Amino acid sequence: MAHFRLFDLNDQQYRAATHPQGALLVLAGAGTGKTRVLTARIAWLVSQGVPPSSILAVTFTNKAVREMRERIISILSAQEAKVMTISTFHALCVRFLRRDAALLGYKENFSILDESDQKGLIKKLATRIHDTEDPLSPEIAEAFISNVKNATASIHQAPAALQSLFLRYQEELQALNAMDFDDLLVNACHLLASEEEVRLFWQQHYKYLLVDEFQDTNKLQLELLSHLVGDPVNLCVVGDDDQSIYGWRGAQRSNLLQFEKHFAHPQIIKLEQNYRSTHLILQAANRLIEHNAHRHKKNLWSTQEEGEPIRVISGAEERSEAEFIIDEISFMNPSQWDHVAILYRMNAQSRLFESILREKNIPYRLIGGKSFFDRREIRDVMAYLRALLNPQDDQALLRVLTTPPCGLGKRTLALLIQIAAEKKSPLCSLLLHPAEHQAFSSKSREALARFSENWSSYQIRLQIPGQDPALLLEDILREAGYRDDLKKSCKTPQEAHQREHHVEELLESLREYCQKNPHQGIQGFLDSMSLAQEKEEKKEERHGVTLITLHAAKGLEFEQVYLVGLEEGILPHARSQEEGNIEEERRLCYVGMTRAKKKLTITYARARRKFGKLLPSTPSPFLLELAGEDVHESTMEEILSRPLQELDAQDAFASIRALLQ
DNA sequence: GAGTTGCTTCTTTTT
DNA sequence: GAAGCAACTC
């Protein structure tokens, strides 16, 4: 066990990593080596003879999964990392459900509806129910449905229209053999709760549970864990109540704060030594978070140097804010760029930064935002796969029928849908049976026949063992004339090229996936795509200035951080103030500040464009709360009119030299 | 039946 | 200021 000191763990970390058994709660402040403890614990378990396949590590985001897997590979081996389950909650649920969905009345080839499919369906149903006097807003309906599923709202207290919408929506999903994101959790919980055999199976499979970011778990996720924990209990959770920023998704900090209520006699270990930030950064962040009333008091301390003072800088408006920051970055040595991040509250804020960075030819990586999978062409191709795998998925099939148009127009499709609804059977069963085509014109009949013939042949090919899925997809796209149609719909050749490239990329990742996971098939590929909100970056492609939301930045760290848009209405966000969640916004700000290792710059604009109009903005109240001697306030104009100091000049020369090389 | 234009409406955060 | 949507034209 002595070699464990190799990890250079402090006493608390060491105790957590080598805790033998039972429930373990690690309260880990920002930058105290949370992930390091988790990975060290996994390594320790393996060193004690625990089979890697019986270890389950759960996190919230795919990014965290990737990161943890990489770390495990670096300390254990790729082989051991592979047989371990490192997964998001949602992906874990899919795994359970693919095995046993039949017990819940679904087929195991169910589709996973992404957000925009879900929105579309809700909209459709909302307009259908709309005959009452007050029209249903799809946004409200969507939030309501999610809240009911996450057990934060009760269906019985809602207006009748919402109730019936909810029920219709669930019926519709059942008919499509589809689940939305929330259903994955709901159904997996239900499965484990009601089927003892299944529960025991997974309990015996996963004997060692580790959960990251436990403060973000909601009621269902806690329930899922409690079903998974077997006997003897071996559960290790890590979290920080000050970094709980997913309340809007039903996360309950009480899961962490009252851990002992859920799991008996836990060992509690606090990690308070911060290894990340300079003393001044930590101090300012602590000052801010002290303003929150309900929290676990902790005593975060840093052994790091005092560091540079924190800067709070205002610009005239959003453009000057962005230009100032990027000017500064452009004067840094380009080797620094990988270690700089710009953090913002909403994705929309990234746009300006992006365009200026592009103007200046500074490489950047944009995390999140409009994802790869939101692109039309990707959704198209995914719809082909979905419709193929789950013939009941009318949503996907409808998309296939219209992209590219296959000779069936609005009227024919409407009639088709109507007949299907009357017969209560999925579209594809109509399509594939010529006997059902009587009602249509001869032209439509022809198109229907052609389509059904092609489609059946694809279905057959899908069943052939050893069939190359990428090849099949390639053939389908070619026979449908998809690429030509895509090209035609683009306004510029560049756009066409871009979109085609995206399709190639998707095909490429399908190929890659099938090679890496020969037994998972297209279904596995589709699952991993549905649950990944962004495309995986190749390791070597990760370079340049990072643009990222505060939410997505949790768990990451950077040498230099620019925290932007500290204005009333943005951070804290206007909506959160209405809802009285100001403490969560403060935590969000805290998360942002504690991402910085060496240098922290906080900016705001004194006026900002909203709805296309320039409006004056008020500085965020958080600025006052974090203010102190070590926080220097100024304006961008002031700094720009200041004569260049010698050090700055040296820096500038260094970066020019680097550029020339 | 397909494409295009001008209208409106929204803007948190993620799986 | 964009992105979706409805009504309009070819």
# chains A, B, ... in the order shown; residues from 1 in each chain; ligands from 1

call {"tool": "residues_around", "arguments": {"residues": "DC8 of chain C", "least_positions_apart": "6", "cutoff": "12 Å", "atoms": "only C-alpha atoms (C1' of nucleotides)", "output": "PyMOL selection string"}}
result
chain B and resi 3-7

call {"tool": "select_by_dssp", "arguments": {"residues": "segment 202-367 of chain A", "states": "strand (DSSP E)", "output": "PyMOL selection string"}}
result
chain A and resi 208-211+234-239+267-271+273-274+301-302+310-315+340-344+364-366

call {"tool": "interface_residues", "arguments": {"of": "chain B", "to": "chain A", "cutoff": "9 Å", "atoms": "only C-alpha atoms (C1' of nucleotides)", "output": "PyMOL selection string"}}
result
chain B and resi 1-2+11-15

call {"tool": "write_last_selection", "arguments": {"atoms": "N, CA and C atoms (P, O5', C5', C4', C3', O3' and C1' of nucleotides)", "output": "PDB file, in the first residue's frame"}}
result
ATOM      1  P    DG B   1     -49.894  16.995 -53.098  1.00  0.00           P
ATOM      2  O5'  DG B   1     -48.455  17.581 -53.418  1.00  0.00           O
ATOM      3  C5'  DG B   1     -47.775  17.148 -54.566  1.00  0.00           C
ATOM      4  C4'  DG B   1     -46.588  18.039 -54.751  1.00  0.00           C
ATOM      5  C3'  DG B   1     -45.763  18.290 -53.486  1.00  0.00           C
ATOM      6  O3'  DG B   1     -44.399  18.150 -53.839  1.00  0.00           O
ATOM      7  C1'  DG B   1     -46.322  20.347 -54.467  1.00  0.00           C
ATOM      8  P    DA B   2     -43.249  18.175 -52.752  1.00  0.00           P
ATOM      9  O5'  DA B   2     -42.550  19.565 -53.101  1.00  0.00           O
ATOM     10  C5'  DA B   2     -41.886  19.722 -54.359  1.00  0.00           C
ATOM     11  C4'  DA B   2     -41.310  21.117 -54.453  1.00  0.00           C
ATOM     12  C3'  DA B   2     -40.381  21.511 -53.303  1.00  0.00           C
ATOM     13  O3'  DA B   2     -39.219  22.112 -53.840  1.00  0.00           O
ATOM     14  C1'  DA B   2     -42.079  23.130 -53.560  1.00  0.00           C
ATOM     15  P    DT B  11     -37.955  31.715 -24.675  1.00  0.00           P
ATOM     16  O5'  DT B  11     -37.274  32.612 -23.518  1.00  0.00           O
ATOM     17  C5'  DT B  11     -36.664  33.833 -23.784  1.00  0.00           C
ATOM     18  C4'  DT B  11     -35.143  33.667 -23.867  1.00  0.00           C
ATOM     19  C3'  DT B  11     -34.374  34.589 -22.939  1.00  0.00           C
ATOM     20  O3'  DT B  11     -34.246  34.060 -21.617  1.00  0.00           O
ATOM     21  C1'  DT B  11     -33.395  34.519 -25.107  1.00  0.00           C
ATOM     22  P    DT B  12     -33.956  32.107 -21.795  1.00  0.00           P
ATOM     23  O5'  DT B  12     -32.547  32.635 -21.178  1.00  0.00           O
ATOM     24  C5'  DT B  12     -31.965  31.913 -20.510  1.00  0.00           C
ATOM     25  C4'  DT B  12     -30.526  31.688 -20.711  1.00  0.00           C
ATOM     26  C3'  DT B  12     -30.224  30.334 -21.276  1.00  0.00           C
ATOM     27  O3'  DT B  12     -28.876  30.274 -21.640  1.00  0.00           O
ATOM     28  C1'  DT B  12     -30.184  30.357 -18.917  1.00  0.00           C
ATOM     29  P    DT B  13     -28.256  29.113 -22.337  1.00  0.00           P
ATOM     30  O5'  DT B  13     -27.843  28.314 -21.052  1.00  0.00           O
ATOM     31  C5'  DT B  13     -26.484  28.215 -20.683  1.00  0.00           C
ATOM     32  C4'  DT B  13     -26.402  27.553 -19.358  1.00  0.00           C
ATOM     33  C3'  DT B  13     -26.579  26.037 -19.440  1.00  0.00           C
ATOM     34  O3'  DT B  13     -25.315  25.471 -19.513  1.00  0.00           O
ATOM     35  C1'  DT B  13     -27.729  26.995 -17.561  1.00  0.00           C
ATOM     36  P    DT B  14     -25.017  24.522 -20.773  1.00  0.00           P
ATOM     37  O5'  DT B  14     -25.482  23.114 -20.200  1.00  0.00           O
ATOM     38  C5'  DT B  14     -24.859  22.549 -19.064  1.00  0.00           C
ATOM     39  C4'  DT B  14     -25.373  21.134 -18.912  1.00  0.00           C
ATOM     40  C3'  DT B  14     -25.198  20.274 -20.159  1.00  0.00           C
ATOM     41  O3'  DT B  14     -24.789  18.968 -19.781  1.00  0.00           O
ATOM     42  C1'  DT B  14     -27.488  20.391 -19.585  1.00  0.00           C
ATOM     43  P    DT B  15     -24.290  17.984 -20.917  1.00  0.00           P
ATOM     44  O5'  DT B  15     -25.256  16.724 -20.728  1.00  0.00           O
ATOM     45  C5'  DT B  15     -25.113  15.905 -19.574  1.00  0.00           C
ATOM     46  C4'  DT B  15     -26.295  14.956 -19.517  1.00  0.00           C
ATOM     47  C3'  DT B  15     -26.438  14.029 -20.730  1.00  0.00           C
ATOM     48  O3'  DT B  15     -26.546  12.683 -20.289  1.00  0.00           O
ATOM     49  C1'  DT B  15     -28.478  15.151 -20.284  1.00  0.00           C
TER      50       DT B  15
END

call {"tool": "atom_distance", "arguments": {"atom1": "atom CA of Ala43 of chain A", "atom2": "atom CA of Leu76 of chain A"}}
result
6.7 Å

call {"tool": "closest_atom_pairs", "arguments": {"of": "chain C", "to": "chain A", "cutoff": "12 Å", "atoms": "only C-alpha atoms (C1' of nucleotides)", "output": "Markdown table"}}
result
| residue | atom | partner | partner_atom | distance |
| --- | --- | --- | --- | --- |
| C:DG1 | C1' | A:Gly612 | CA | 5.8 |
| C:DA2 | C1' | A:Phe611 | CA | 10.3 |
| C:DG4 | C1' | A:Gly120 | CA | 11.8 |

call {"tool": "write_last_selection", "arguments": {"atoms": "all heavy atoms", "output": "mmCIF file, in the first residue's frame"}}
result
data_model
loop_
_atom_site.group_PDB
_atom_site.id
_atom_site.type_symbol
_atom_site.label_atom_id
_atom_site.label_comp_id
_atom_site.auth_asym_id
_atom_site.auth_seq_id
_atom_site.Cartn_x
_atom_site.Cartn_y
_atom_site.Cartn_z
ATOM 1 P P DG C 1 -26.305 42.469 -35.397
ATOM 2 O OP1 DG C 1 -24.909 42.843 -35.476
ATOM 3 O OP2 DG C 1 -27.187 42.386 -36.530
ATOM 4 O "O5'" DG C 1 -26.287 41.129 -34.526
ATOM 5 C "C5'" DG C 1 -27.299 40.956 -33.520
ATOM 6 C "C4'" DG C 1 -28.236 39.833 -33.935
ATOM 7 O "O4'" DG C 1 -29.477 40.030 -33.237
ATOM 8 C "C3'" DG C 1 -28.604 39.791 -35.435
ATOM 9 O "O3'" DG C 1 -28.892 38.444 -35.801
ATOM 10 C "C2'" DG C 1 -29.907 40.549 -35.460
ATOM 11 C "C1'" DG C 1 -30.511 39.972 -34.187
ATOM 12 N N9 DG C 1 -31.684 40.632 -33.629
ATOM 13 C C8 DG C 1 -32.101 41.926 -33.848
ATOM 14 N N7 DG C 1 -33.204 42.214 -33.225
ATOM 15 C C5 DG C 1 -33.535 41.029 -32.550
ATOM 16 C C6 DG C 1 -34.629 40.729 -31.716
ATOM 17 O O6 DG C 1 -35.549 41.480 -31.384
ATOM 18 N N1 DG C 1 -34.578 39.415 -31.245
ATOM 19 C C2 DG C 1 -33.589 38.513 -31.552
ATOM 20 N N2 DG C 1 -33.709 37.312 -31.022
ATOM 21 N N3 DG C 1 -32.556 38.789 -32.332
ATOM 22 C C4 DG C 1 -32.594 40.054 -32.803
ATOM 23 P P DA C 2 -27.795 37.740 -36.715
ATOM 24 O OP1 DA C 2 -26.463 38.056 -36.185
ATOM 25 O OP2 DA C 2 -28.143 38.047 -38.111
ATOM 26 O "O5'" DA C 2 -28.092 36.204 -36.425
ATOM 27 C "C5'" DA C 2 -28.021 35.728 -35.077
ATOM 28 C "C4'" DA C 2 -29.232 34.860 -34.776
ATOM 29 O "O4'" DA C 2 -30.375 35.664 -34.405
ATOM 30 C "C3'" DA C 2 -29.684 34.001 -35.952
ATOM 31 O "O3'" DA C 2 -30.108 32.761 -35.451
ATOM 32 C "C2'" DA C 2 -30.884 34.773 -36.496
ATOM 33 C "C1'" DA C 2 -31.485 35.253 -35.184
ATOM 34 N N9 DA C 2 -32.395 36.389 -35.322
ATOM 35 C C8 DA C 2 -32.221 37.507 -36.095
ATOM 36 N N7 DA C 2 -33.211 38.365 -36.003
ATOM 37 C C5 DA C 2 -34.087 37.758 -35.114
ATOM 38 C C6 DA C 2 -35.330 38.159 -34.603
ATOM 39 N N6 DA C 2 -35.921 39.302 -34.918
ATOM 40 N N1 DA C 2 -35.940 37.324 -33.738
ATOM 41 C C2 DA C 2 -35.348 36.176 -33.415
ATOM 42 N N3 DA C 2 -34.188 35.705 -33.830
ATOM 43 C C4 DA C 2 -33.602 36.547 -34.691
ATOM 44 P P DG C 4 -34.477 27.504 -36.388
ATOM 45 O OP1 DG C 4 -33.728 26.313 -35.997
ATOM 46 O OP2 DG C 4 -34.414 27.997 -37.779
ATOM 47 O "O5'" DG C 4 -36.016 27.282 -36.011
ATOM 48 C "C5'" DG C 4 -36.507 27.670 -34.731
ATOM 49 C "C4'" DG C 4 -37.883 28.306 -34.879
ATOM 50 O "O4'" DG C 4 -37.758 29.644 -35.430
ATOM 51 C "C3'" DG C 4 -38.821 27.542 -35.809
ATOM 52 O "O3'" DG C 4 -40.106 27.464 -35.205
ATOM 53 C "C2'" DG C 4 -38.864 28.392 -37.076
ATOM 54 C "C1'" DG C 4 -38.700 29.790 -36.500
ATOM 55 N N9 DG C 4 -38.170 30.774 -37.441
ATOM 56 C C8 DG C 4 -36.985 30.707 -38.145
ATOM 57 N N7 DG C 4 -36.772 31.758 -38.903
ATOM 58 C C5 DG C 4 -37.894 32.550 -38.680
ATOM 59 C C6 DG C 4 -38.222 33.812 -39.234
ATOM 60 O O6 DG C 4 -37.588 34.495 -40.044
ATOM 61 N N1 DG C 4 -39.451 34.281 -38.753
ATOM 62 C C2 DG C 4 -40.245 33.600 -37.854
ATOM 63 N N2 DG C 4 -41.385 34.196 -37.512
ATOM 64 N N3 DG C 4 -39.945 32.421 -37.333
ATOM 65 C C4 DG C 4 -38.759 31.956 -37.787
#

call {"tool": "select_by_dssp", "arguments": {"residues": "segment 253-426 of chain A", "states": "alpha helix (DSSP H)", "output": "number ranges by chain"}}
result
A: 254-257, 259-262, 279-289, 318-331, 350-359, 376-389, 394-402, 410-423

call {"tool": "write_last_selection", "arguments": {"atoms": "C-alpha atoms", "output": "mmCIF file, in the first residue's frame"}}
result
data_model
loop_
_atom_site.group_PDB
_atom_site.id
_atom_site.type_symbol
_atom_site.label_atom_id
_atom_site.label_comp_id
_atom_site.auth_asym_id
_atom_site.auth_seq_id
_atom_site.Cartn_x
_atom_site.Cartn_y
_atom_site.Cartn_z
ATOM 1 C CA SER A 254 -30.023 18.268 0.632
ATOM 2 C CA ASN A 255 -28.839 15.015 -0.912
ATOM 3 C CA LEU A 256 -25.388 16.146 0.071
ATOM 4 C CA LEU A 257 -26.170 18.179 3.166
ATOM 5 C CA PHE A 259 -26.322 12.495 3.307
ATOM 6 C CA GLU A 260 -26.678 10.532 6.523
ATOM 7 C CA LYS A 261 -30.445 10.501 6.071
ATOM 8 C CA HIS A 262 -30.097 8.523 2.895
ATOM 9 C CA HIS A 279 -4.320 33.088 -2.175
ATOM 10 C CA LEU A 280 -5.958 36.308 -3.377
ATOM 11 C CA ILE A 281 -8.281 34.581 -5.809
ATOM 12 C CA LEU A 282 -9.418 32.142 -3.160
ATOM 13 C CA GLN A 283 -9.917 34.929 -0.667
ATOM 14 C CA ALA A 284 -12.134 36.955 -2.987
ATOM 15 C CA ALA A 285 -14.140 33.876 -3.929
ATOM 16 C CA ASN A 286 -14.631 33.048 -0.260
ATOM 17 C CA ARG A 287 -15.794 36.593 0.418
ATOM 18 C CA LEU A 288 -18.434 36.229 -2.242
ATOM 19 C CA ILE A 289 -19.773 32.849 -1.203
ATOM 20 C CA GLU A 318 -20.236 44.650 -25.063
ATOM 21 C CA ARG A 319 -18.063 45.103 -28.123
ATOM 22 C CA SER A 320 -15.413 47.073 -26.250
ATOM 23 C CA GLU A 321 -15.520 44.489 -23.475
ATOM 24 C CA ALA A 322 -14.747 41.720 -25.927
ATOM 25 C CA GLU A 323 -12.185 43.701 -27.904
ATOM 26 C CA PHE A 324 -10.291 44.702 -24.791
ATOM 27 C CA ILE A 325 -10.027 41.129 -23.565
ATOM 28 C CA ILE A 326 -8.983 39.763 -26.910
ATOM 29 C CA ASP A 327 -6.444 42.548 -27.343
ATOM 30 C CA GLU A 328 -4.882 41.476 -24.096
ATOM 31 C CA ILE A 329 -4.878 37.889 -25.160
ATOM 32 C CA SER A 330 -3.327 38.735 -28.498
ATOM 33 C CA PHE A 331 -0.389 40.290 -26.686
ATOM 34 C CA SER A 350 -19.868 33.602 -26.990
ATOM 35 C CA ARG A 351 -20.738 34.950 -30.416
ATOM 36 C CA LEU A 352 -18.971 38.295 -30.181
ATOM 37 C CA PHE A 353 -15.849 36.759 -28.712
ATOM 38 C CA GLU A 354 -15.826 34.157 -31.416
ATOM 39 C CA SER A 355 -16.037 36.608 -34.254
ATOM 40 C CA ILE A 356 -13.323 38.875 -32.860
ATOM 41 C CA LEU A 357 -11.030 35.945 -32.152
ATOM 42 C CA ARG A 358 -11.516 34.837 -35.720
ATOM 43 C CA GLU A 359 -10.766 38.335 -37.019
ATOM 44 C CA ARG A 376 -29.870 20.096 -39.659
ATOM 45 C CA GLU A 377 -27.792 17.634 -41.649
ATOM 46 C CA ILE A 378 -26.783 15.690 -38.556
ATOM 47 C CA ARG A 379 -30.350 15.472 -37.351
ATOM 48 C CA ASP A 380 -31.333 14.262 -40.812
ATOM 49 C CA VAL A 381 -28.844 11.447 -40.864
ATOM 50 C CA MET A 382 -29.617 10.528 -37.272
ATOM 51 C CA ALA A 383 -33.296 10.359 -38.217
ATOM 52 C CA TYR A 384 -32.439 7.797 -40.886
ATOM 53 C CA LEU A 385 -30.715 5.644 -38.300
ATOM 54 C CA ARG A 386 -33.454 6.079 -35.762
ATOM 55 C CA ALA A 387 -36.246 5.232 -38.143
ATOM 56 C CA LEU A 388 -34.339 2.207 -39.292
ATOM 57 C CA LEU A 389 -33.740 0.853 -35.804
ATOM 58 C CA ASP A 394 -42.881 8.139 -36.678
ATOM 59 C CA GLN A 395 -41.074 11.361 -35.846
ATOM 60 C CA ALA A 396 -37.910 10.083 -37.423
ATOM 61 C CA LEU A 397 -39.690 8.383 -40.291
ATOM 62 C CA LEU A 398 -41.535 11.565 -41.164
ATOM 63 C CA ARG A 399 -38.248 13.369 -41.399
ATOM 64 C CA VAL A 400 -36.884 10.658 -43.659
ATOM 65 C CA LEU A 401 -39.941 10.941 -45.902
ATOM 66 C CA THR A 402 -39.458 14.650 -46.391
ATOM 67 C CA LYS A 410 -48.011 17.681 -47.517
ATOM 68 C CA ARG A 411 -51.438 16.412 -48.429
ATOM 69 C CA THR A 412 -50.437 12.808 -48.888
ATOM 70 C CA LEU A 413 -48.486 12.811 -45.686
ATOM 71 C CA ALA A 414 -51.332 14.415 -43.780
ATOM 72 C CA LEU A 415 -53.689 11.743 -45.062
ATOM 73 C CA LEU A 416 -51.173 9.065 -44.169
ATOM 74 C CA ILE A 417 -50.862 10.395 -40.648
ATOM 75 C CA GLN A 418 -54.601 10.592 -40.302
ATOM 76 C CA ILE A 419 -55.116 6.998 -41.370
ATOM 77 C CA ALA A 420 -52.362 5.856 -39.063
ATOM 78 C CA ALA A 421 -53.956 7.716 -36.171
ATOM 79 C CA GLU A 422 -57.356 6.162 -36.883
ATOM 80 C CA LYS A 423 -55.885 2.697 -37.008
#

call {"tool": "atom_distance", "arguments": {"atom1": "atom CA of Val83 of chain A", "atom2": "atom CA of Arg71 of chain A"}}
result
14.7 Å

call {"tool": "residues_around", "arguments": {"residues": "Leu477 of chain A", "least_positions_apart": "2", "cutoff": "12 Å", "atoms": "only C-alpha atoms (C1' of nucleotides)", "output": "PyMOL selection string"}}
result
chain A and resi 377+380-385+400+403-404+454-455+458+470-475+479-486+500+503-504+507

call {"tool": "residues_around", "arguments": {"residues": "Asn177 of chain A", "least_positions_apart": "5", "cutoff": "7 Å", "atoms": "only C-alpha atoms (C1' of nucleotides)", "output": "ChimeraX atom specification"}}
result
/A:106-107,110-111,392-393

call {"tool": "residues_around", "arguments": {"residues": "Ala141 of chain A", "least_positions_apart": "6", "cutoff": "8 Å", "atoms": "only C-alpha atoms (C1' of nucleotides)", "output": "JSON list (two decimals) with all heavy atoms, in the first residue's frame"}}
result
[["chain", "number", "residue", "atom", "x", "y", "z"],
["A", 122, "ILE", "N", -44.28, 18.35, -28.15],
["A", 122, "ILE", "CA", -45.09, 19.11, -27.21],
["A", 122, "ILE", "C", -45.87, 20.21, -27.93],
["A", 122, "ILE", "O", -47.06, 20.41, -27.69],
["A", 122, "ILE", "CB", -44.22, 19.73, -26.10],
["A", 122, "ILE", "CG1", -43.65, 18.62, -25.22],
["A", 122, "ILE", "CG2", -45.01, 20.72, -25.26],
["A", 122, "ILE", "CD1", -42.67, 19.09, -24.18],
["A", 162, "LEU", "N", -52.94, 21.32, -18.75],
["A", 162, "LEU", "CA", -51.58, 20.80, -18.60],
["A", 162, "LEU", "C", -51.59, 19.31, -18.28],
["A", 162, "LEU", "O", -50.80, 18.55, -18.81],
["A", 162, "LEU", "CB", -50.84, 21.55, -17.49],
["A", 162, "LEU", "CG", -50.06, 22.79, -17.89],
["A", 162, "LEU", "CD1", -49.36, 23.38, -16.68],
["A", 162, "LEU", "CD2", -49.05, 22.46, -18.97],
["A", 165, "LEU", "N", -52.38, 17.40, -21.34],
["A", 165, "LEU", "CA", -51.23, 17.44, -22.25],
["A", 165, "LEU", "C", -50.18, 16.43, -21.80],
["A", 165, "LEU", "O", -49.64, 15.68, -22.61],
["A", 165, "LEU", "CB", -50.61, 18.83, -22.28],
["A", 165, "LEU", "CG", -49.38, 18.91, -23.18],
["A", 165, "LEU", "CD1", -49.78, 18.99, -24.64],
["A", 165, "LEU", "CD2", -48.48, 20.06, -22.82],
["A", 166, "PHE", "N", -49.93, 16.42, -20.52],
["A", 166, "PHE", "CA", -48.94, 15.50, -19.98],
["A", 166, "PHE", "C", -49.29, 14.06, -20.33],
["A", 166, "PHE", "O", -48.46, 13.29, -20.81],
["A", 166, "PHE", "CB", -48.85, 15.66, -18.46],
["A", 166, "PHE", "CG", -47.82, 14.77, -17.81],
["A", 166, "PHE", "CD1", -46.52, 15.20, -17.70],
["A", 166, "PHE", "CD2", -48.17, 13.51, -17.34],
["A", 166, "PHE", "CE1", -45.56, 14.37, -17.12],
["A", 166, "PHE", "CE2", -47.21, 12.69, -16.77],
["A", 166, "PHE", "CZ", -45.91, 13.12, -16.65]]
